[in-house]
>>> print(open('run38.cif').read())   # mmCIF, C-alpha atoms and all ligand atoms
data_start
loop_
_atom_site.label_atom_id
_atom_site.label_comp_id
_atom_site.auth_asym_id
_atom_site.auth_seq_id
_atom_site.Cartn_x
_atom_site.Cartn_y
_atom_site.Cartn_z
CA MET R 1 0.00 0.00 0.00
CA LEU R 2 2.71 2.51 0.98
CA GLN R 3 4.55 1.77 -2.27
CA ASN R 4 1.71 3.57 -4.07
CA ILE R 5 2.77 6.83 -2.44
CA ARG R 6 5.49 8.72 -4.26
CA VAL R 7 7.48 11.63 -2.93
CA VAL R 8 8.27 14.07 -5.73
CA LEU R 9 11.07 16.61 -5.24
CA VAL R 10 11.10 19.37 -7.82
CA ASN R 11 14.39 20.92 -8.94
CA THR R 12 16.24 20.29 -5.70
CA SER R 13 19.52 22.22 -5.51
CA HIS R 14 21.19 20.58 -2.51
CA PRO R 15 21.91 16.86 -2.87
CA GLY R 16 22.08 16.63 0.92
CA ASN R 17 18.37 17.38 1.02
CA ILE R 18 17.67 14.53 -1.40
CA GLY R 19 19.58 12.20 0.94
CA GLY R 20 17.78 13.59 3.98
CA ALA R 21 14.42 13.11 2.28
CA ALA R 22 15.33 9.50 1.38
CA ARG R 23 16.23 8.81 4.99
CA ALA R 24 13.02 10.41 6.28
CA MET R 25 11.01 8.33 3.82
CA LYS R 26 12.66 5.04 4.72
CA ASN R 27 12.23 5.75 8.43
CA MET R 28 8.50 6.06 7.83
CA GLY R 29 8.20 3.10 5.46
CA LEU R 30 8.00 5.02 2.18
CA SER R 31 10.19 3.95 -0.71
CA ARG R 32 9.23 5.70 -3.92
CA LEU R 33 11.23 8.82 -4.64
CA VAL R 34 10.87 10.79 -7.89
CA LEU R 35 13.29 13.62 -8.68
CA VAL R 36 12.31 16.25 -11.22
CA GLU R 37 15.48 17.76 -12.73
CA PRO R 38 17.65 17.65 -9.61
CA GLU R 39 20.61 20.02 -9.89
CA ASP R 40 23.18 17.60 -8.53
CA PHE R 41 22.30 13.90 -8.46
CA PRO R 42 23.62 11.24 -8.00
CA SER R 43 26.01 12.61 -5.42
CA ASP R 44 28.14 11.47 -2.51
CA GLU R 45 26.52 14.06 -0.29
CA ALA R 46 23.09 12.57 -0.94
CA VAL R 47 24.44 9.12 -0.04
CA ALA R 48 26.01 10.50 3.14
CA ARG R 49 22.84 12.23 4.27
CA ALA R 50 20.70 9.19 3.41
CA SER R 51 22.53 7.20 6.10
CA GLY R 52 21.30 3.67 5.43
CA ALA R 53 18.55 4.65 3.00
CA VAL R 54 20.69 4.24 -0.13
CA ASP R 55 18.15 1.77 -1.51
CA VAL R 56 15.64 4.62 -1.72
CA LEU R 57 18.24 6.76 -3.54
CA ASP R 58 19.23 3.91 -5.85
CA GLY R 59 15.60 3.33 -6.71
CA ALA R 60 14.89 7.04 -7.27
CA GLN R 61 13.40 7.86 -10.62
CA VAL R 62 14.88 10.95 -12.27
CA VAL R 63 12.52 12.68 -14.71
CA GLY R 64 12.56 15.80 -16.84
CA SER R 65 9.24 17.36 -15.87
CA LEU R 66 6.61 17.43 -13.14
CA GLU R 67 4.12 16.08 -15.65
CA GLU R 68 6.25 12.98 -16.11
CA ALA R 69 6.62 12.59 -12.33
CA LEU R 70 2.86 12.52 -11.88
CA VAL R 71 1.99 9.91 -14.52
CA GLY R 72 -0.48 7.40 -13.06
CA CYS R 73 -1.36 9.44 -9.98
CA SER R 74 -5.01 9.89 -9.09
CA VAL R 75 -4.29 12.41 -6.37
CA VAL R 76 -1.55 15.03 -6.25
CA LEU R 77 -0.84 17.01 -3.09
CA GLY R 78 1.51 19.98 -3.35
CA THR R 79 3.26 21.44 -0.33
CA SER R 80 3.80 25.11 0.24
CA ALA R 81 5.52 27.09 2.98
CA ARG R 82 3.57 30.21 2.14
CA ASP R 83 0.01 31.28 1.66
CA ARG R 84 -0.03 31.96 -2.07
CA ARG R 85 -3.42 33.63 -1.97
CA ILE R 86 -4.79 31.31 -4.62
CA PRO R 87 -8.08 29.95 -3.32
CA TRP R 88 -7.39 26.23 -3.30
CA PRO R 89 -8.38 23.25 -1.15
CA LEU R 90 -5.87 23.44 1.68
CA LEU R 91 -5.02 20.56 4.02
CA ASP R 92 -2.84 20.28 7.09
CA PRO R 93 -0.38 17.35 7.22
CA ARG R 94 -2.82 15.14 9.14
CA GLU R 95 -5.61 15.69 6.67
CA CYS R 96 -3.11 15.14 3.88
CA ALA R 97 -2.26 11.75 5.39
CA THR R 98 -5.93 10.77 5.71
CA THR R 99 -6.60 11.73 2.09
CA THR R 100 -3.49 9.88 0.95
CA LEU R 101 -4.46 6.72 2.83
CA GLN R 102 -8.03 6.82 1.51
CA HIS R 103 -6.73 6.84 -2.04
CA VAL R 104 -4.07 4.19 -1.72
CA GLU R 105 -6.48 1.92 0.16
CA SER R 106 -8.76 1.98 -2.85
CA GLY R 107 -5.85 1.17 -5.17
CA GLY R 108 -4.94 4.68 -6.32
CA GLU R 109 -1.52 6.25 -6.61
CA VAL R 110 -0.71 9.43 -4.71
CA ALA R 111 2.03 12.02 -5.16
CA LEU R 112 3.32 14.30 -2.43
CA VAL R 113 5.12 17.14 -4.21
CA PHE R 114 7.84 19.31 -2.65
CA GLY R 115 9.37 22.47 -4.08
CA ARG R 116 12.75 24.10 -4.54
CA GLU R 117 14.74 25.17 -1.49
CA TYR R 118 14.94 28.79 -2.58
CA ALA R 119 11.58 29.29 -4.29
CA GLY R 120 9.19 26.45 -3.48
CA LEU R 121 6.76 25.37 -6.21
CA THR R 122 5.64 27.77 -8.92
CA ASN R 123 1.99 28.76 -9.14
CA GLU R 124 1.72 26.70 -12.30
CA GLU R 125 3.10 23.63 -10.51
CA LEU R 126 0.79 24.21 -7.56
CA GLN R 127 -2.16 24.33 -9.93
CA ARG R 128 -1.37 20.79 -11.02
CA CYS R 129 -2.16 19.67 -7.47
CA GLN R 130 -5.73 18.95 -6.32
CA PHE R 131 -4.77 19.86 -2.77
CA HIS R 132 -2.25 22.15 -1.18
CA VAL R 133 -0.65 21.15 2.09
CA HIS R 134 0.80 23.59 4.58
CA ILE R 135 2.64 22.57 7.72
CA PRO R 136 1.30 25.02 10.31
CA SER R 137 4.66 26.49 11.21
CA ASN R 138 5.46 29.85 12.81
CA PRO R 139 3.95 32.43 10.39
CA ASP R 140 7.00 34.66 10.93
CA PHE R 141 9.37 31.83 10.02
CA SER R 142 7.30 29.39 8.04
CA SER R 143 9.74 27.66 5.74
CA LEU R 144 11.06 24.29 6.89
CA ASN R 145 14.12 22.60 5.47
CA LEU R 146 13.01 20.48 2.51
CA ALA R 147 13.95 17.12 4.07
CA THR R 148 12.29 18.17 7.32
CA ALA R 149 9.08 18.97 5.49
CA VAL R 150 9.24 15.51 3.88
CA GLN R 151 9.72 14.04 7.36
CA VAL R 152 6.63 15.76 8.77
CA LEU R 153 4.36 14.54 5.98
CA ALA R 154 5.87 11.05 5.93
CA TYR R 155 5.35 10.77 9.70
CA GLU R 156 1.70 11.69 9.41
CA VAL R 157 1.27 9.17 6.60
CA ARG R 158 2.83 6.52 8.81
CA MET R 159 0.56 7.35 11.74
CA ALA R 160 -2.50 7.14 9.48
CA TRP R 161 -1.24 3.89 7.97
CA LEU R 162 -0.59 2.31 11.38
CA ALA R 163 -4.09 3.31 12.48
CA ALA R 164 -5.58 1.83 9.29
CA GLN R 165 -3.67 -1.43 9.92
CA GLY R 166 -4.80 -1.53 13.54
CA GLN R 167 -1.13 -1.55 14.52
CA PRO R 168 0.08 -0.02 17.78
CA THR R 169 1.92 3.29 17.74
CA LYS R 170 3.74 2.60 21.00
CA MET R 171 6.57 0.22 21.63
CA HIS R 172 5.50 -2.67 23.85
CA LYS R 173 8.82 -2.86 25.63
CA LEU R 174 8.56 0.71 26.83
CA GLU R 175 4.92 0.46 27.69
CA GLY R 176 5.16 -2.38 30.19
CA ALA R 177 8.77 -2.57 31.35
CA SER R 178 7.70 -5.66 33.23
CA ALA R 179 4.41 -7.49 33.35
CA LEU R 180 4.55 -7.22 37.13
CA ASN R 181 4.70 -3.45 36.94
CA ALA R 182 1.69 -3.22 34.66
CA GLU R 183 -0.42 -5.73 36.57
CA LEU R 184 -2.90 -4.17 38.94
CA VAL R 185 -3.51 -5.70 42.37
CA THR R 186 -6.74 -7.53 43.06
CA ALA R 187 -9.28 -6.59 45.73
CA ASP R 188 -8.28 -9.52 47.98
CA GLU R 189 -4.57 -8.61 47.77
CA LEU R 190 -5.47 -5.06 48.68
CA GLU R 191 -7.43 -6.36 51.71
CA LYS R 192 -4.35 -8.28 52.87
CA TYR R 193 -2.31 -5.13 52.46
CA TYR R 194 -4.76 -3.09 54.56
CA GLY R 195 -4.50 -5.75 57.29
CA HIS R 196 -0.70 -5.57 57.18
CA LEU R 197 -0.77 -1.77 57.19
CA GLU R 198 -3.19 -1.65 60.12
CA SER R 199 -1.15 -4.02 62.29
CA THR R 200 2.04 -2.08 61.48
CA LEU R 201 0.43 1.25 62.35
CA VAL R 202 -0.74 -0.25 65.64
CA GLY R 203 2.76 -1.67 66.18
CA ILE R 204 4.47 1.72 65.76
CA GLY R 205 1.84 3.43 67.91
CA PHE R 206 0.36 5.54 65.14
CA LEU R 207 -3.04 3.87 65.28
CA ASP R 208 -4.82 3.37 68.60
CA PRO R 209 -7.09 0.29 68.25
CA GLN R 210 -9.25 1.68 71.08
CA ASN R 211 -9.72 4.94 69.21
CA PRO R 212 -9.09 4.31 65.51
CA ARG R 213 -11.13 7.30 64.29
CA HIS R 214 -11.30 7.26 60.48
CA LEU R 215 -7.64 6.57 59.79
CA MET R 216 -8.05 3.25 57.98
CA SER R 217 -10.99 4.40 55.88
CA ARG R 218 -9.06 7.51 54.86
CA LEU R 219 -6.05 5.42 53.93
CA ARG R 220 -8.31 3.05 51.97
CA ARG R 221 -9.65 6.05 50.08
CA LEU R 222 -6.10 7.23 49.35
CA TYR R 223 -4.92 3.83 48.08
CA GLY R 224 -8.17 3.39 46.19
CA ARG R 225 -7.32 6.42 44.06
CA SER R 226 -3.84 5.23 43.17
CA ASN R 227 -4.35 2.32 40.71
CA ILE R 228 -1.60 0.51 42.53
CA SER R 229 0.39 -2.10 40.62
CA ARG R 230 1.57 -5.45 41.97
CA LEU R 231 5.18 -4.26 41.95
CA GLU R 232 4.28 -1.14 43.96
CA MET R 233 2.29 -3.24 46.43
CA ASN R 234 5.30 -5.52 46.92
CA ILE R 235 7.42 -2.47 47.74
CA LEU R 236 4.88 -1.25 50.31
CA ARG R 237 4.58 -4.72 51.85
CA GLY R 238 8.39 -4.85 52.10
CA ILE R 239 8.48 -1.50 53.90
CA LEU R 240 5.83 -2.68 56.38
CA THR R 241 7.69 -5.93 57.06
CA GLU R 242 10.95 -4.07 57.73
CA THR R 243 9.13 -1.55 59.93
CA GLN R 244 7.68 -4.40 62.01
CA LYS R 245 11.15 -5.90 62.39
CA VAL R 246 12.50 -2.60 63.72
CA VAL R 247 9.58 -2.39 66.16
CA ARG R 248 10.35 -5.92 67.34
CA GLY R 249 14.02 -4.94 67.71
CA GLU R 250 15.25 -7.26 64.96
CA SER R 251 18.09 -6.14 62.75
CA HIS R 252 17.11 -5.02 59.31
CA LYS R 253 18.78 -4.38 56.01
CA ARG R 254 17.95 -2.21 53.07
CA ARG R 255 15.62 -4.01 50.75
CA GLU R 256 15.32 -1.58 47.89
CA ASP R 257 17.39 -3.73 45.62
CA ASP R 258 15.24 -6.78 46.27
CA VAL R 259 11.93 -5.38 45.11
N1 LIG M 301 11.42 29.91 -0.08
C1 LIG M 301 10.47 28.89 -0.36
C2 LIG M 301 10.59 27.82 0.70
C3 LIG M 301 10.81 26.53 0.15
S1 LIG M 301 11.16 25.37 1.35
C4 LIG M 301 9.07 29.43 -0.36
O1 LIG M 301 8.89 30.49 0.19
O2 LIG M 301 8.18 28.79 -0.87
C5 LIG M 301 11.28 23.97 0.33
C6 LIG M 301 10.05 23.12 0.30
O3 LIG M 301 9.85 22.54 1.57
C7 LIG M 301 8.76 23.80 -0.05
O4 LIG M 301 8.61 23.99 -1.44
C8 LIG M 301 7.77 22.80 0.49
O5 LIG M 301 7.70 21.72 -0.40
C9 LIG M 301 8.45 22.35 1.76
N2 LIG M 301 8.04 23.16 2.92
C10 LIG M 301 8.83 23.95 3.68
N3 LIG M 301 8.12 24.52 4.66
C11 LIG M 301 6.85 24.07 4.53
C12 LIG M 301 5.62 24.29 5.25
N4 LIG M 301 5.57 25.09 6.29
N5 LIG M 301 4.52 23.65 4.82
C13 LIG M 301 4.56 22.84 3.76
N6 LIG M 301 5.67 22.60 3.04
C14 LIG M 301 6.81 23.19 3.43
#
>>> encode(input="run38.cif", output="structure tokens", more="lines below")
Ligand code: SAH
Amino acid sequence: MLQNIRVVLVNTSHPGNIGGAARAMKNMGLSRLVLVEPEDFPSDEAVARASGAVDVLDGAQVVGSLEEALVGCSVVLGTSARDRRIPWPLLDPRECATTTLQHVESGGEVALVFGREYAGLTNEELQRCQFHVHIPSNPDFSSLNLATAVQVLAYEVRMAWLAAQGQPTKMHKLEGASALNAELVTADELEKYYGHLESTLVGIGFLDPQNPRHLMSRLRRLYGRSNISRLEMNILRGILTETQKVVRGESHKRREDDV
């Protein structure tokens, strides 16, 4: 599906930007790069800036006109750093990604067109695009580096694609560093904890069993708000156990490393 999305760079002057765009594309799973009359390509600088994305550079199609670059595309989206004052359907990068995905999902080919570093796309080129896309940058400093602009759009396409695939956008490893940490305690475990807490508080003289007031219910309310995990409960249980040992006059050692 993503192979039906082409990134078209028009008249790029700096080969480093072509490399940077290739890298941004590969990072986001895009592979089809079309270069309209690049000033300096192939080039070592492009290879250097592409990092490991030389396959995208090697596969880049070099053409002589925008018309040629757009052959077979059912939707063309042209990016612009400025408001050109031509009334035209304007999308932000997220809407651009949604439109792109809708078309490739139904088998169409889509082009995302980027302009020259010094002058962007001409009005004539922009009029070949059904939609214009503007990254909502600082109006006083609106022009992004070409490869950076490619990165922003490619990222939004990836997010839309992941959502369409039902794939997660977060890394599992980071999300639940350990299953124990993510697992919430059960009501019966919490009851055991409250029992342990109560006897410890009595043991250290903080809770008077003859006059308990509302201490335990207030503590229950506090813990009830905290969505406590099994790992956290084990830490608290460890602290209570050590506290009880101190009260009983037994020697104790630091347990932080054990939990
Ligand atoms: N001086 C040019 C800036 C070109 S920047 C001008 O004023 O138009 C090079 C290319 O990066 C642009 O043609 C466009 O494709 C892309 N780009 C840079 N900033 C952008 C933005 N804010 N929104 C959309 N595309 C942007």
>>> residues_near_ligand(input="run38.cif", ligand="ligand LIG 301 (chain M)", cutoff="6 Å", atoms="all atoms listed in the file", output="ChimeraX atom specification")
/R:79-82,114-121,133-137,142-146,149
>>> write_last_selection(input="run38.cif", atoms="C-alpha atoms", output="compact mmCIF listing (two decimals), in the frame of the given file")
# COMPACT_ATOMS: atom_id res chain seq x y z
CA THR R 79 3.26 21.44 -0.33
CA SER R 80 3.80 25.11 0.24
CA ALA R 81 5.52 27.09 2.98
CA ARG R 82 3.57 30.21 2.14
CA PHE R 114 7.84 19.31 -2.65
CA GLY R 115 9.37 22.47 -4.08
CA ARG R 116 12.75 24.10 -4.54
CA GLU R 117 14.74 25.17 -1.49
CA TYR R 118 14.94 28.79 -2.58
CA ALA R 119 11.58 29.29 -4.29
CA GLY R 120 9.19 26.45 -3.48
CA LEU R 121 6.76 25.37 -6.21
CA VAL R 133 -0.65 21.15 2.09
CA HIS R 134 0.80 23.59 4.58
CA ILE R 135 2.64 22.57 7.72
CA PRO R 136 1.30 25.02 10.31
CA SER R 137 4.66 26.49 11.21
CA SER R 142 7.30 29.39 8.04
CA SER R 143 9.74 27.66 5.74
CA LEU R 144 11.06 24.29 6.89
CA ASN R 145 14.12 22.60 5.47
CA LEU R 146 13.01 20.48 2.51
CA ALA R 149 9.08 18.97 5.49
>>> residues_around(input="run38.cif", residues="Val185 in chain R", least_positions_apart="6", cutoff="12 Å", atoms="only C-alpha atoms", output="MDAnalysis selection string")
chainID R and resid 191:193 223:224 226:234
>>> closest_residue(input="run38.cif", among="R:Ala187, R:Ala46, R:Leu222, R:Leu30", to="His14 in chain R", atoms="all atoms listed in the file")
R:Ala46
>>> closest_residue(input="run38.cif", among="R:His214, R:His196, R:Arg94, R:His132", to="Tyr155 in chain R", atoms="all atoms listed in the file")
R:Arg94
>>> closest_residue(input="run38.cif", among="R:Gly203, R:Gly20, R:Pro89, R:Gly107", to="Gln3 in chain R", atoms="all atoms listed in the file")
R:Gly107
>>> atom_distance(input="run38.cif", atom1="CA of Phe41 in chain R", atom2="CA of Phe141 in chain R")
28.8 Å
>>> atom_distance(input="run38.cif", atom1="CA of Leu57 in chain R", atom2="CA of Ala97 in chain R")
22.9 Å
>>> atom_distance(input="run38.cif", atom1="CA of Ser65 in chain R", atom2="CA of Met28 in chain R")
26.3 Å
>>> residues_around(input="run38.cif", residues="Ala154 in chain R", least_positions_apart="2", cutoff="9 Å", atoms="only C-alpha atoms", output="mmCIF file with C-alpha atoms, in the frame of the given file")
data_model
loop_
_atom_site.group_PDB
_atom_site.id
_atom_site.type_symbol
_atom_site.label_atom_id
_atom_site.label_comp_id
_atom_site.auth_asym_id
_atom_site.auth_seq_id
_atom_site.Cartn_x
_atom_site.Cartn_y
_atom_site.Cartn_z
ATOM 1 C CA ALA R 24 13.020 10.410 6.280
ATOM 2 C CA MET R 25 11.010 8.330 3.820
ATOM 3 C CA ASN R 27 12.230 5.750 8.430
ATOM 4 C CA MET R 28 8.500 6.060 7.830
ATOM 5 C CA GLY R 29 8.200 3.100 5.460
ATOM 6 C CA LEU R 30 8.000 5.020 2.180
ATOM 7 C CA PRO R 93 -0.380 17.350 7.220
ATOM 8 C CA ALA R 97 -2.260 11.750 5.390
ATOM 9 C CA ALA R 149 9.080 18.970 5.490
ATOM 10 C CA VAL R 150 9.240 15.510 3.880
ATOM 11 C CA GLN R 151 9.720 14.040 7.360
ATOM 12 C CA VAL R 152 6.630 15.760 8.770
ATOM 13 C CA GLU R 156 1.700 11.690 9.410
ATOM 14 C CA VAL R 157 1.270 9.170 6.600
ATOM 15 C CA ARG R 158 2.830 6.520 8.810
ATOM 16 C CA MET R 159 0.560 7.350 11.740
#
>>> residues_around(input="run38.cif", residues="Ser74 in chain R", least_positions_apart="6", cutoff="12 Å", atoms="all atoms listed in the file", output="short mmCIF file (atom, residue, chain, number, x, y, z; two decimals) with C-alpha atoms, in the coordinates of the input")
data_model
loop_
_atom_site.label_atom_id
_atom_site.label_comp_id
_atom_site.auth_asym_id
_atom_site.auth_seq_id
_atom_site.Cartn_x
_atom_site.Cartn_y
_atom_site.Cartn_z
CA ASN R 4 1.71 3.57 -4.07
CA ILE R 5 2.77 6.83 -2.44
CA ARG R 6 5.49 8.72 -4.26
CA THR R 99 -6.60 11.73 2.09
CA THR R 100 -3.49 9.88 0.95
CA GLN R 102 -8.03 6.82 1.51
CA HIS R 103 -6.73 6.84 -2.04
CA VAL R 104 -4.07 4.19 -1.72
CA SER R 106 -8.76 1.98 -2.85
CA GLY R 107 -5.85 1.17 -5.17
CA GLY R 108 -4.94 4.68 -6.32
CA GLU R 109 -1.52 6.25 -6.61
CA VAL R 110 -0.71 9.43 -4.71
CA ALA R 111 2.03 12.02 -5.16
CA LEU R 112 3.32 14.30 -2.43
CA ARG R 128 -1.37 20.79 -11.02
CA CYS R 129 -2.16 19.67 -7.47
CA GLN R 130 -5.73 18.95 -6.32
CA PHE R 131 -4.77 19.86 -2.77
#
